[in-house]
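Text of the file model_26.cif, holding mmCIF, C-alpha atoms:
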```
data_query
loop_
_atom_site.label_atom_id
_atom_site.label_comp_id
_atom_site.auth_asym_id
_atom_site.auth_seq_id
_atom_site.Cartn_x
_atom_site.Cartn_y
_atom_site.Cartn_z
CA MET A 1 -2.08 54.29 96.51
CA THR A 2 1.07 54.76 98.55
CA PRO A 3 2.54 58.27 98.55
CA VAL A 4 6.20 58.61 97.63
CA VAL A 5 7.95 61.61 99.15
CA LEU A 6 11.05 62.74 97.33
CA LEU A 7 13.65 64.25 99.66
CA THR A 8 16.10 66.25 97.64
CA GLY A 9 18.56 69.09 98.13
CA PHE A 10 22.08 70.02 97.10
CA LEU A 11 25.19 68.24 98.41
CA GLY A 12 25.63 68.91 102.12
CA SER A 13 22.31 70.67 102.52
CA GLY A 14 21.17 68.42 105.36
CA LYS A 15 18.96 65.82 103.69
CA THR A 16 20.09 62.91 105.84
CA THR A 17 19.87 64.96 109.04
CA LEU A 18 16.34 65.96 108.13
CA LEU A 19 15.46 62.36 107.23
CA GLN A 20 16.71 61.21 110.63
CA ARG A 21 14.40 63.71 112.29
CA LEU A 22 11.43 62.87 110.09
CA LEU A 23 11.76 59.18 110.89
CA THR A 24 11.47 59.86 114.61
CA ASP A 25 7.97 61.22 114.15
CA ALA A 26 5.02 58.93 114.78
CA SER A 27 3.45 59.83 111.44
CA MET A 28 6.50 58.40 109.67
CA ALA A 29 6.56 55.14 111.60
CA GLY A 30 5.24 53.25 108.59
CA ALA A 31 7.65 54.73 106.07
CA ALA A 32 9.91 52.71 103.81
CA VAL A 33 13.08 54.53 102.85
CA LEU A 34 15.15 54.41 99.68
CA ILE A 35 18.53 56.08 99.81
CA ASN A 36 20.52 56.91 96.73
CA GLU A 37 24.14 57.91 96.80
CA PHE A 38 26.62 59.00 94.23
CA GLY A 39 29.78 56.96 94.36
CA GLU A 40 30.96 53.42 94.84
CA VAL A 41 30.47 53.24 98.57
CA GLY A 42 27.24 54.44 100.12
CA LEU A 43 27.63 56.12 103.47
CA ASP A 44 24.39 57.92 104.18
CA HIS A 45 22.58 54.78 105.30
CA HIS A 46 25.15 54.36 108.08
CA LEU A 47 24.14 57.74 109.41
CA LEU A 48 20.56 56.65 109.85
CA ASP A 49 19.71 55.08 113.16
CA ARG A 50 16.87 53.09 111.74
CA ILE A 51 18.28 50.43 109.50
CA ASP A 52 15.84 47.64 108.83
CA ASP A 53 14.24 45.81 105.94
CA ASN A 54 12.40 48.94 104.92
CA VAL A 55 15.59 50.88 104.22
CA VAL A 56 17.03 50.16 100.81
CA LEU A 57 20.31 51.58 99.61
CA LEU A 58 20.53 52.25 95.90
CA LYS A 59 24.18 51.69 95.15
CA SER A 60 24.65 52.45 91.52
CA GLY A 61 25.19 56.17 91.63
CA CYS A 62 23.43 59.23 90.40
CA ILE A 63 19.68 58.92 90.54
CA CYS A 64 19.15 61.45 87.79
CA CYS A 65 20.13 59.18 84.93
CA THR A 66 21.68 55.81 85.50
CA VAL A 67 19.53 54.30 88.21
CA ARG A 68 16.03 55.20 87.21
CA GLY A 69 15.54 51.51 86.61
CA GLU A 70 16.95 50.78 90.02
CA VAL A 71 14.44 53.10 91.66
CA ALA A 72 11.67 51.33 89.78
CA ASP A 73 13.09 47.93 90.75
CA ALA A 74 13.41 48.93 94.41
CA LEU A 75 9.84 50.20 94.55
CA SER A 76 8.59 47.08 92.77
CA ASN A 77 10.44 44.89 95.25
CA LEU A 78 9.02 46.80 98.21
CA ASN A 79 5.56 46.39 96.76
CA THR A 80 6.04 42.68 96.20
CA MET A 81 7.35 42.17 99.73
CA ARG A 82 4.40 44.08 101.14
CA ALA A 83 1.95 42.04 99.09
CA SER A 84 3.46 38.84 100.42
CA GLY A 85 3.26 40.12 103.98
CA ASP A 86 7.01 40.31 104.57
CA ILE A 87 6.98 44.04 105.34
CA ALA A 88 4.43 46.76 105.92
CA PHE A 89 4.63 50.42 104.99
CA ASP A 90 2.20 53.19 104.22
CA ARG A 91 4.52 55.64 102.51
CA VAL A 92 7.94 55.75 100.88
CA VAL A 93 10.65 58.34 101.26
CA ILE A 94 13.36 58.51 98.59
CA GLU A 95 16.46 60.45 99.54
CA THR A 96 18.20 61.45 96.34
CA THR A 97 21.81 62.35 95.78
CA GLY A 98 22.72 65.98 96.09
CA LEU A 99 23.23 66.21 92.34
CA ALA A 100 19.91 64.70 91.35
CA ASP A 101 17.29 66.30 89.22
CA PRO A 102 13.97 65.23 90.81
CA TYR A 103 12.17 65.01 87.49
CA PRO A 104 13.23 61.50 86.36
CA VAL A 105 12.05 59.94 89.62
CA LEU A 106 8.67 61.66 89.36
CA GLN A 107 8.50 60.55 85.74
CA THR A 108 9.21 56.96 86.80
CA LEU A 109 6.31 57.06 89.27
CA THR A 110 3.93 58.39 86.66
CA ALA A 111 5.00 56.45 83.61
CA HIS A 112 5.96 53.04 84.95
CA PRO A 113 3.13 50.69 83.95
CA VAL A 114 3.10 48.85 87.30
CA LEU A 115 4.32 51.46 89.77
CA ARG A 116 1.73 54.02 88.74
CA SER A 117 -1.02 51.70 89.95
CA HIS A 118 0.50 51.41 93.43
CA PHE A 119 2.40 54.64 94.13
CA VAL A 120 1.58 58.30 93.82
CA ASN A 121 3.71 61.41 94.05
CA GLY A 122 3.57 62.44 97.70
CA GLY A 123 5.44 65.69 97.17
CA VAL A 124 8.97 66.99 96.78
CA LEU A 125 10.74 68.15 99.94
CA THR A 126 13.87 70.17 99.21
CA THR A 127 16.50 71.08 101.78
CA VAL A 128 18.29 74.39 101.29
CA ASP A 129 21.44 75.31 103.17
CA ALA A 130 20.96 78.84 104.51
CA VAL A 131 24.72 79.49 104.57
CA ASN A 132 25.79 78.21 101.14
CA ALA A 133 22.65 78.18 99.02
CA ASN A 134 23.15 81.59 97.46
CA LEU A 135 26.41 80.47 95.88
CA GLN A 136 24.97 77.13 94.84
CA VAL A 137 21.99 78.74 93.16
CA GLU A 138 24.24 81.11 91.27
CA HIS A 139 26.49 78.41 89.90
CA ARG A 140 24.71 75.06 89.93
CA ALA A 141 21.66 74.38 87.79
CA GLU A 142 20.92 71.25 89.84
CA ALA A 143 20.34 73.40 92.93
CA VAL A 144 17.88 75.61 91.06
CA ARG A 145 16.03 72.61 89.62
CA GLN A 146 15.71 71.06 93.07
CA ILE A 147 14.27 74.28 94.49
CA ALA A 148 11.98 74.75 91.51
CA ALA A 149 10.61 71.20 91.89
CA ALA A 150 9.86 71.63 95.61
CA ASP A 151 6.42 71.49 97.15
CA ARG A 152 7.99 72.35 100.50
CA ILE A 153 11.39 73.92 101.11
CA VAL A 154 13.19 73.21 104.38
CA LEU A 155 15.78 75.83 105.23
CA THR A 156 18.65 74.17 107.12
CA LYS A 157 21.66 75.43 109.11
CA THR A 158 19.82 78.59 110.06
CA ASP A 159 21.69 78.49 113.39
CA LEU A 160 24.95 79.01 111.47
CA ALA A 161 23.66 81.77 109.21
CA THR A 162 23.35 85.47 109.87
CA PRO A 163 19.90 87.09 109.79
CA GLU A 164 20.97 88.83 106.56
CA GLN A 165 21.90 85.49 104.94
CA ILE A 166 18.58 83.99 105.96
CA SER A 167 16.68 87.00 104.68
CA ASP A 168 18.61 86.92 101.38
CA ILE A 169 18.05 83.25 100.76
CA ARG A 170 14.35 83.50 101.64
CA ALA A 171 13.95 86.29 99.09
CA ARG A 172 15.80 84.20 96.53
CA LEU A 173 13.68 81.11 97.20
CA LEU A 174 10.58 83.20 96.70
CA ARG A 175 11.92 84.39 93.38
CA ILE A 176 12.77 80.90 92.16
CA ASN A 177 9.70 79.10 93.45
CA PRO A 178 6.92 81.38 94.69
CA ALA A 179 4.51 78.44 94.92
CA ALA A 180 6.39 76.46 97.59
CA ARG A 181 6.09 77.28 101.28
CA SER A 182 9.40 77.37 103.11
CA VAL A 183 9.98 76.32 106.71
CA THR A 184 13.09 76.04 108.84
CA SER A 185 14.45 72.65 109.85
CA ASP A 186 14.44 73.50 113.57
CA LEU A 187 10.64 73.35 113.64
CA ASP A 188 8.93 70.23 114.89
CA VAL A 189 8.23 67.51 112.35
CA PRO A 190 4.43 67.97 112.19
CA THR A 191 4.99 71.63 111.34
CA ILE A 192 7.58 70.80 108.68
CA LEU A 193 5.24 68.27 107.07
CA GLY A 194 1.95 70.08 107.79
CA GLY A 195 -0.23 70.37 104.71
CA PHE A 196 2.62 69.05 102.61
CA GLY A 197 1.93 67.47 99.24
CA PRO A 198 1.57 68.30 95.60
CA ALA A 199 -2.17 68.85 95.83
CA THR A 200 -2.02 71.37 98.65
CA PHE A 201 -0.70 74.36 96.83
CA ALA A 202 -4.00 76.14 96.37
CA ASP A 203 -3.24 78.50 99.23
CA THR A 204 0.10 79.51 97.79
CA LEU A 205 -1.42 80.21 94.41
CA SER A 206 -4.52 81.93 95.66
CA SER A 207 -2.77 84.67 97.56
CA ASP A 208 -1.14 87.40 95.58
CA HIS A 209 2.50 87.89 96.32
CA VAL A 210 3.07 91.34 97.77
CA CYS A 211 5.84 93.04 95.85
CA THR A 212 8.52 94.79 97.86
CA PRO A 213 11.51 96.89 96.83
CA THR A 214 13.69 93.82 97.32
CA CYS A 215 11.65 91.28 95.41
CA GLY A 216 13.52 92.14 92.28
CA HIS A 217 10.98 91.69 89.51
CA ASP A 218 10.41 93.93 86.58
CA HIS A 219 7.33 95.97 87.41
CA HIS A 220 7.08 97.23 83.86
CA HIS A 221 6.15 93.85 82.46
CA HIS A 222 2.52 93.10 81.82
CA GLY A 223 3.02 89.71 83.44
CA HIS A 224 4.26 89.18 86.96
CA HIS A 225 7.65 87.58 87.07
CA HIS A 226 10.84 87.21 89.00
CA HIS A 227 14.23 86.61 87.58
CA ASP A 228 17.31 84.85 88.86
CA ALA A 229 20.04 86.60 86.94
CA ASP A 230 22.81 84.05 87.18
CA LEU A 231 20.96 81.08 85.73
CA ASP A 232 18.38 83.01 83.76
CA VAL A 233 15.64 81.39 85.84
CA THR A 234 12.35 83.22 85.79
CA SER A 235 9.25 82.64 87.84
CA PHE A 236 6.21 84.04 86.23
CA SER A 237 2.51 83.92 86.96
CA LEU A 238 -0.48 84.51 84.75
CA VAL A 239 -3.93 85.45 85.98
CA ILE A 240 -6.65 84.68 83.48
CA ASP A 241 -10.21 85.94 83.51
CA GLY A 242 -12.77 83.87 81.67
CA ALA A 243 -13.35 80.14 81.56
CA ILE A 244 -10.71 78.08 79.77
CA ASP A 245 -11.38 75.46 77.12
CA TRP A 246 -9.85 72.34 78.72
CA THR A 247 -9.20 70.60 75.42
CA MET A 248 -7.31 73.50 73.87
CA PHE A 249 -5.47 74.19 77.13
CA GLY A 250 -4.33 70.57 77.19
CA THR A 251 -3.21 70.79 73.57
CA TRP A 252 -1.26 73.97 74.32
CA LEU A 253 0.47 72.80 77.49
CA THR A 254 1.29 69.39 76.02
CA LEU A 255 2.93 71.02 73.01
CA LEU A 256 4.68 73.63 75.16
CA LEU A 257 6.20 70.97 77.42
CA HIS A 258 7.02 68.76 74.44
CA LYS A 259 9.17 71.53 72.98
CA HIS A 260 10.38 73.34 76.10
CA GLY A 261 9.89 70.97 79.04
CA ASP A 262 13.62 70.80 79.67
CA ARG A 263 13.57 74.54 80.36
CA ILE A 264 10.24 74.71 82.20
CA PHE A 265 11.15 73.45 85.65
CA ARG A 266 7.70 73.79 87.07
CA VAL A 267 4.10 74.57 86.17
CA LYS A 268 1.40 74.90 88.79
CA GLY A 269 -2.06 76.19 88.33
CA ILE A 270 -5.66 76.51 89.37
CA LEU A 271 -7.98 76.60 86.41
CA ALA A 272 -11.54 77.77 85.88
CA LEU A 273 -12.77 75.56 83.06
CA GLU A 274 -15.74 75.94 80.78
CA GLY A 275 -18.63 73.93 82.19
CA GLU A 276 -17.04 73.32 85.60
CA ASP A 277 -18.09 74.95 88.87
CA ARG A 278 -15.11 73.72 90.84
CA PRO A 279 -11.48 74.57 90.08
CA ILE A 280 -9.01 72.14 88.59
CA ALA A 281 -5.45 72.00 89.90
CA ILE A 282 -2.57 71.08 87.62
CA HIS A 283 0.97 70.34 88.66
CA GLY A 284 3.92 69.70 86.38
CA VAL A 285 7.67 69.26 86.58
CA GLN A 286 9.53 69.62 83.28
CA HIS A 287 7.99 67.27 80.68
CA LEU A 288 5.79 65.62 83.28
CA VAL A 289 2.29 66.74 84.29
CA HIS A 290 0.54 64.83 87.05
CA ALA A 291 -3.10 63.83 86.71
CA PRO A 292 -5.14 67.01 87.24
CA THR A 293 -7.12 67.13 90.46
CA HIS A 294 -10.67 68.34 90.94
CA MET A 295 -10.59 70.65 93.96
CA ASP A 296 -13.52 70.73 96.39
CA HIS A 297 -14.01 74.47 96.25
CA TRP A 298 -12.48 77.72 95.19
CA PRO A 299 -10.02 79.32 97.57
CA ALA A 300 -10.91 82.73 98.98
CA GLY A 301 -10.75 85.57 96.50
CA PRO A 302 -11.83 86.01 92.90
CA ARG A 303 -12.49 82.94 90.79
CA GLN A 304 -9.66 83.41 88.34
CA SER A 305 -7.35 80.93 86.73
CA ARG A 306 -3.75 81.21 87.82
CA LEU A 307 -0.69 79.60 86.31
CA VAL A 308 2.79 79.78 87.78
CA PHE A 309 5.79 78.94 85.59
CA ILE A 310 9.38 78.50 86.74
CA MET A 311 11.50 78.55 83.60
CA GLU A 312 14.97 79.04 82.29
CA GLY A 313 15.67 81.22 79.28
CA ILE A 314 12.07 81.66 78.14
CA SER A 315 10.42 85.04 77.92
CA PRO A 316 7.26 85.43 80.02
CA ASP A 317 5.82 87.53 77.19
CA ALA A 318 6.24 84.61 74.80
CA ILE A 319 4.33 82.31 77.17
CA ARG A 320 1.54 84.84 77.60
CA ARG A 321 1.24 85.48 73.88
CA SER A 322 1.20 81.76 73.12
CA PHE A 323 -1.44 81.06 75.78
CA THR A 324 -3.65 83.81 74.35
CA ALA A 325 -3.22 82.62 70.76
CA PHE A 326 -4.11 79.03 71.63
CA THR A 327 -6.98 79.61 74.03
CA GLY A 328 -8.44 82.74 72.47
CA LEU A 329 -8.56 84.36 75.91
CA ALA A 330 -7.28 87.90 75.76
CA ASP A 331 -7.64 88.93 79.40
CA VAL A 332 -4.37 87.50 80.69
CA ARG A 333 -2.69 89.76 83.19
CA ALA A 334 -0.41 90.29 86.16
CA ALA A 335 -1.06 88.81 89.59
CA ALA A 336 0.00 91.87 91.55
CA MET B 1 0.79 49.26 73.73
CA CYS B 2 3.05 52.23 73.20
CA SER B 3 4.14 52.25 69.56
CA LEU B 4 7.34 54.10 70.47
CA CYS B 5 8.64 52.15 73.44
CA GLY B 6 6.63 48.93 73.46
CA ILE B 7 5.33 49.34 77.01
CA LEU B 8 1.83 48.03 77.63
CA GLY B 9 -0.85 50.32 78.97
CA CYS B 10 0.95 53.59 78.40
CA ASP B 11 -2.01 55.77 77.43
CA ASP B 12 -2.57 57.64 80.67
CA HIS B 13 -1.81 61.15 79.50
CA TRP B 14 -2.70 63.89 81.97
CA THR B 15 -5.22 65.40 79.57
CA ASN B 16 -7.04 62.10 79.39
CA ALA B 17 -6.36 60.52 82.78
CA VAL B 18 -7.93 57.28 83.89
CA ALA B 19 -10.98 58.10 86.00
CA ARG B 20 -10.25 57.73 89.71
CA PRO B 21 -11.23 59.59 92.88
CA GLY B 22 -10.09 63.20 92.97
CA VAL B 23 -8.76 63.23 89.42
CA TYR B 24 -10.27 65.53 86.84
CA THR B 25 -10.89 63.74 83.58
CA ARG B 26 -13.40 63.50 80.77
CA ASN B 27 -12.57 59.83 80.48
CA HIS B 28 -15.58 58.52 82.40
CA ASP B 29 -17.22 56.19 79.91
CA SER B 30 -17.05 55.31 76.24
CA GLN B 31 -19.37 58.13 75.24
CA SER B 32 -17.48 60.89 77.09
CA ARG B 33 -14.18 59.36 75.96
CA ARG B 34 -15.24 59.47 72.31
CA ALA B 35 -16.58 63.01 72.62
CA GLU B 36 -13.39 64.30 74.21
CA SER B 37 -11.30 62.43 71.68
CA ALA B 38 -13.18 64.18 68.86
CA ARG B 39 -12.62 67.56 70.54
CA ARG B 40 -8.90 66.82 70.84
CA VAL B 41 -8.63 65.92 67.18
CA LYS B 42 -10.38 69.17 66.26
CA ALA B 43 -8.10 71.21 68.53
CA ALA B 44 -4.98 69.48 67.23
CA ASN B 45 -6.02 70.01 63.63
CA GLU B 46 -6.18 73.75 64.21
CA ILE B 47 -2.44 73.64 64.94
CA LEU B 48 -1.49 70.87 62.52
CA SER B 49 -2.97 72.76 59.57
CA TYR B 50 -0.10 75.24 59.97
CA ARG B 51 2.09 72.60 58.34
CA ARG B 52 -0.73 71.14 56.21
CA LEU B 53 -1.06 68.00 58.30
CA LYS B 54 -4.32 66.39 59.34
CA LEU B 55 -5.23 64.18 62.26
CA ASP B 56 -8.04 61.62 62.25
CA ILE B 57 -9.27 58.86 64.50
CA TRP B 58 -8.23 55.49 63.09
CA GLN B 59 -10.52 52.48 63.51
CA SER B 60 -12.04 53.94 66.67
CA ARG B 61 -8.96 53.14 68.77
CA SER B 62 -5.92 54.81 67.26
CA TYR B 63 -4.97 58.01 65.51
CA ILE B 64 -3.54 58.70 62.09
CA VAL B 65 -1.74 61.86 61.11
CA SER B 66 -1.29 62.42 57.39
CA SER B 67 0.41 64.85 55.06
CA PRO B 68 -0.84 66.27 51.73
CA THR B 69 1.63 64.00 49.92
CA GLY B 70 -0.09 60.91 51.27
CA ALA B 71 2.46 60.03 53.93
CA SER B 72 0.88 58.99 57.20
CA SER B 73 1.62 57.59 60.61
CA VAL B 74 -0.64 55.63 62.95
CA PHE B 75 -0.21 55.83 66.73
CA GLU B 76 -2.26 54.85 69.73
CA ALA B 77 -1.92 57.65 72.24
CA LEU B 78 -2.35 61.37 71.65
CA SER B 79 0.72 61.92 73.78
CA HIS B 80 2.67 60.74 70.72
CA LEU B 81 1.01 63.19 68.35
CA TRP B 82 3.63 65.93 68.29
CA PRO B 83 6.71 63.73 67.81
CA GLU B 84 4.87 61.88 65.03
CA ALA B 85 3.69 65.11 63.42
CA GLU B 86 7.17 66.63 63.51
CA THR B 87 8.64 63.54 61.90
CA LEU B 88 6.03 63.63 59.18
CA ALA B 89 6.38 67.37 58.56
CA GLY B 90 10.14 67.32 58.84
CA ARG B 91 9.82 70.48 60.89
CA GLU B 92 8.98 71.29 64.45
CA PHE B 93 5.79 72.54 66.05
CA ASP B 94 6.86 75.16 68.55
CA PRO B 95 4.07 76.99 70.42
CA LEU B 96 6.46 79.89 71.02
CA ASP B 97 7.44 80.17 67.36
CA GLU B 98 6.86 83.63 65.92
CA GLY B 99 5.62 82.25 62.62
CA LEU B 100 3.06 79.91 64.20
CA LEU B 101 1.78 82.54 66.62
CA SER B 102 1.45 85.21 63.91
CA TRP B 103 -0.43 82.70 61.74
CA MET B 104 -2.80 81.84 64.60
CA GLU B 105 -3.36 85.49 65.48
CA GLU B 106 -4.10 86.32 61.84
CA ARG B 107 -6.60 83.46 61.65
CA ALA B 108 -8.30 84.64 64.82
CA ARG B 109 -8.68 88.14 63.39
CA SER B 110 -10.15 86.96 60.09
#
```
Please express the file's structure as structure tokens.
Amino acid sequence: MTPVVLLTGFLGSGKTTLLQRLLTDASMAGAAVLINEFGEVGLDHHLLDRIDDNVVLLKSGCICCTVRGEVADALSNLNTMRASGDIAFDRVVIETTGLADPYPVLQTLTAHPVLRSHFVNGGVLTTVDAVNANLQVEHRAEAVRQIAAADRIVLTKTDLATPEQISDIRARLLRINPAARSVTSDLDVPTILGGFGPATFADTLSSDHVCTPTCGHDHHHHGHHHHDADLDVTSFSLVIDGAIDWTMFGTWLTLLLHKHGDRIFRVKGILALEGEDRPIAIHGVQHLVHAPTHMDHWPAGPRQSRLVFIMEGISPDAIRRSFTAFTGLADVRAAA
Amino acid sequence: MCSLCGILGCDDHWTNAVARPGVYTRNHDSQSRRAESARRVKAANEILSYRRLKLDIWQSRSYIVSSPTGASSVFEALSHLWPEAETLAGREFDPLDEGLLSWMEERARS
């Protein structure tokens, strides 16, 4: 299975600059690149030094709706060319437009009857502009969705930002997506990509976030959640004692995402299941949940199930009450 | 084949993933697949009974959801259950709905 890394980030947040740097690293030598641009004339591919048969420009416009088929076609073509020996690659990087919602591309990878046998989600890398991101997050839902979908956030333009701006945006990123580690783009490539991928979030979930006076969540809630006031985006985590019935959990989450997946940007979790010694990791973006993974061992700390939700306009109390009603588990509490 | 979109081989829902290295699934062999399928039908029926619907396995390979008036719908993947059930009931199944949650909580107490 070939991992597909989705490189996303708002307009002007430094995706192409980061991609240029990533492609200079030895670990990316075997990467095929798909570039999507919004507009009639694509320019980003001219900014890349490495233009060869493995770089494909998707010309039709916004990746979030009109060219899902084109992404699928491009990946199919790459796969066919590899099978016939015309090209070789061991991973794919898709650079999306700045206005793209990452979900449809992830959905294409999972649902496409051919692609899903050859490609796997290799993680979502989101660039965030340290100077302008605060404004973007306040006014553009696309920016919030891109951050919420991230497995790794790369903070760019930190050389142009004040320490206060950097501190503010870091606090905001933590509120929107507490499960994604953030790094700055001036680090070396192995550090930026180190431990990156959708299945490597156990560490971020296993450590309790330490609340500070600036973290901005409501300490009076039974659950543990953060709230982005301008877009009504809430990140919320549940800690559950007691083993979970996998079948009923699956029924609950499937129904929850069926009805509210467009407002649940992200679900991540480590689950202690009835009859299982090892934890199960789940990972979802909007209506899509990736195949659950069986982790090798429990991370340090108590063996409790943890679920992180990043949602818009849904009450954390409603999620907690629903989870309890469906699973019959009453001991559902705050992480902190 | 997906009865909604016509795509072949669509039944790879995350709750019932195809067995492969690293993936958690109860879809290992025909016996475990049947056992988990029966558990899913039982779990779904606990929710479906809120709107007086009932789910059954149909000819060992598909599912059928039916209403008390005799209307029914056959589908092949459990991922299609809730859209089919909502169409049949003419009303939604919302896991955050106050009415559904109160009904479930009352049942749990009794």
Please check the contacts: residues of chain B at most 8 Å away from chain A, using all atoms listed in the file, listed as a ChimeraX atom specification.
/B:7-10,13-15,17,22-25,36,39-40,43-44,79,82,93-96,101,104-105,108
Measure the distance from CA of Ile176 in chain A to CA of Asp151 in chain A in Å and round it to one decimal.
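According to the coordinates, CA of Ile176 in chain A and CA of Asp151 in chain A are separated by 12.4 Å.
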Answer key for the PyMOL selection byres ((chain B and resi 53) around 10), residues as an MDAnalysis selection string
chainID B and resid 44:52 54:55 65:69 71:72 85:86 88:89
Would you save the residues from that selection as a PDB file, keeping the file's coordinate frame, using C-alpha atoms?
```pdb
ATOM      1  CA  ALA B  44      -4.980  69.480  67.230  1.00  0.00           C
ATOM      2  CA  ASN B  45      -6.020  70.010  63.630  1.00  0.00           C
ATOM      3  CA  GLU B  46      -6.180  73.750  64.210  1.00  0.00           C
ATOM      4  CA  ILE B  47      -2.440  73.640  64.940  1.00  0.00           C
ATOM      5  CA  LEU B  48      -1.490  70.870  62.520  1.00  0.00           C
ATOM      6  CA  SER B  49      -2.970  72.760  59.570  1.00  0.00           C
ATOM      7  CA  TYR B  50      -0.100  75.240  59.970  1.00  0.00           C
ATOM      8  CA  ARG B  51       2.090  72.600  58.340  1.00  0.00           C
ATOM      9  CA  ARG B  52      -0.730  71.140  56.210  1.00  0.00           C
ATOM     10  CA  LYS B  54      -4.320  66.390  59.340  1.00  0.00           C
ATOM     11  CA  LEU B  55      -5.230  64.180  62.260  1.00  0.00           C
ATOM     12  CA  VAL B  65      -1.740  61.860  61.110  1.00  0.00           C
ATOM     13  CA  SER B  66      -1.290  62.420  57.390  1.00  0.00           C
ATOM     14  CA  SER B  67       0.410  64.850  55.060  1.00  0.00           C
ATOM     15  CA  PRO B  68      -0.840  66.270  51.730  1.00  0.00           C
ATOM     16  CA  THR B  69       1.630  64.000  49.920  1.00  0.00           C
ATOM     17  CA  ALA B  71       2.460  60.030  53.930  1.00  0.00           C
ATOM     18  CA  SER B  72       0.880  58.990  57.200  1.00  0.00           C
ATOM     19  CA  ALA B  85       3.690  65.110  63.420  1.00  0.00           C
ATOM     20  CA  GLU B  86       7.170  66.630  63.510  1.00  0.00           C
ATOM     21  CA  LEU B  88       6.030  63.630  59.180  1.00  0.00           C
ATOM     22  CA  ALA B  89       6.380  67.370  58.560  1.00  0.00           C
TER      23      ALA B  89
END
```
Which distance in Å separates CA of Leu160 in chain A and CA of Ala133 in chain A, to one decimal?
12.7 Å
At a cut-off of 8 Å, using only C-alpha atoms, what residues contact Phe75 in chain B? Leave out same-chain residues fewer than 4 positions from it and give the result as a CSV table (one decimal) with C-alpha atoms, keeping the file's coordinate frame.
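What landed in selection.csv:
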```csv
chain,number,residue,atom,x,y,z
B,3,SER,CA,4.1,52.2,69.6
B,62,SER,CA,-5.9,54.8,67.3
B,63,TYR,CA,-5.0,58.0,65.5
B,64,ILE,CA,-3.5,58.7,62.1
B,80,HIS,CA,2.7,60.7,70.7
B,81,LEU,CA,1.0,63.2,68.4
```
Residue IDs satisfying the PyMOL selection byres ((chain B and resi 27) around 8), as JSON, numbers by chain
{"B": [16, 17, 18, 19, 25, 26, 28, 29, 30, 32, 33, 36]}
Quick one: distance from CA of Asp241 in chain A to CA of Arg34 in chain B in Å, one decimal?
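That distance, rounded to one decimal, is 29.2 Å.
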Residue among A:Thr184, A:Ser76, A:Gln107, A:Thr162 lying closest to Val131 in chain A, counting all atoms listed in the file
A:Thr162
Of the candidates A:Gly14, A:Leu6, A:Arg170, A:Pro178, which one gets nearest to Val93 in chain A if we count all atoms listed in the file?
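Of all the options, A:Leu6 lies closest to Val93 in chain A.
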Evaluate the PyMOL selection byres ((chain A and resi 154) around 7) and record the selected residues as an MDAnalysis selection string, following the chain and residue labels used in the document.
chainID A and resid 126:128 152:153 155:156 182:185
Write range 14-21 of chain B as a PDB file, in the coordinates of the input, completed to N, CA, C and O atoms.
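Ended up saving to result-v6.pdb:
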```
ATOM      1  N   TRP B  14      -2.017  63.067  80.973  1.00  0.00           N
ATOM      2  CA  TRP B  14      -2.700  63.890  81.970  1.00  0.00           C
ATOM      3  C   TRP B  14      -3.968  64.540  81.437  1.00  0.00           C
ATOM      4  O   TRP B  14      -4.891  64.836  82.194  1.00  0.00           O
ATOM      5  N   THR B  15      -4.017  64.786  80.136  1.00  0.00           N
ATOM      6  CA  THR B  15      -5.220  65.400  79.570  1.00  0.00           C
ATOM      7  C   THR B  15      -6.359  64.412  79.445  1.00  0.00           C
ATOM      8  O   THR B  15      -7.490  64.804  79.166  1.00  0.00           O
ATOM      9  N   ASN B  16      -6.052  63.143  79.621  1.00  0.00           N
ATOM     10  CA  ASN B  16      -7.040  62.100  79.390  1.00  0.00           C
ATOM     11  C   ASN B  16      -6.854  61.003  80.447  1.00  0.00           C
ATOM     12  O   ASN B  16      -6.800  59.825  80.138  1.00  0.00           O
ATOM     13  N   ALA B  17      -6.743  61.433  81.709  1.00  0.00           N
ATOM     14  CA  ALA B  17      -6.360  60.520  82.780  1.00  0.00           C
ATOM     15  C   ALA B  17      -7.438  59.458  83.014  1.00  0.00           C
ATOM     16  O   ALA B  17      -8.625  59.679  82.759  1.00  0.00           O
ATOM     17  N   VAL B  18      -6.994  58.327  83.496  1.00  0.00           N
ATOM     18  CA  VAL B  18      -7.930  57.280  83.890  1.00  0.00           C
ATOM     19  C   VAL B  18      -8.773  57.807  85.054  1.00  0.00           C
ATOM     20  O   VAL B  18      -8.253  58.415  85.989  1.00  0.00           O
ATOM     21  N   ALA B  19     -10.083  57.594  84.963  1.00  0.00           N
ATOM     22  CA  ALA B  19     -10.980  58.100  86.000  1.00  0.00           C
ATOM     23  C   ALA B  19     -10.682  57.430  87.337  1.00  0.00           C
ATOM     24  O   ALA B  19     -10.617  56.200  87.418  1.00  0.00           O
ATOM     25  N   ARG B  20     -10.442  58.226  88.353  1.00  0.00           N
ATOM     26  CA  ARG B  20     -10.250  57.730  89.710  1.00  0.00           C
ATOM     27  C   ARG B  20     -10.550  58.862  90.668  1.00  0.00           C
ATOM     28  O   ARG B  20     -10.596  60.029  90.259  1.00  0.00           O
ATOM     29  N   PRO B  21     -10.777  58.558  91.949  1.00  0.00           N
ATOM     30  CA  PRO B  21     -11.230  59.590  92.880  1.00  0.00           C
ATOM     31  C   PRO B  21     -10.274  60.791  92.924  1.00  0.00           C
ATOM     32  O   PRO B  21      -9.059  60.632  93.012  1.00  0.00           O
TER      33      PRO B  21
END
```
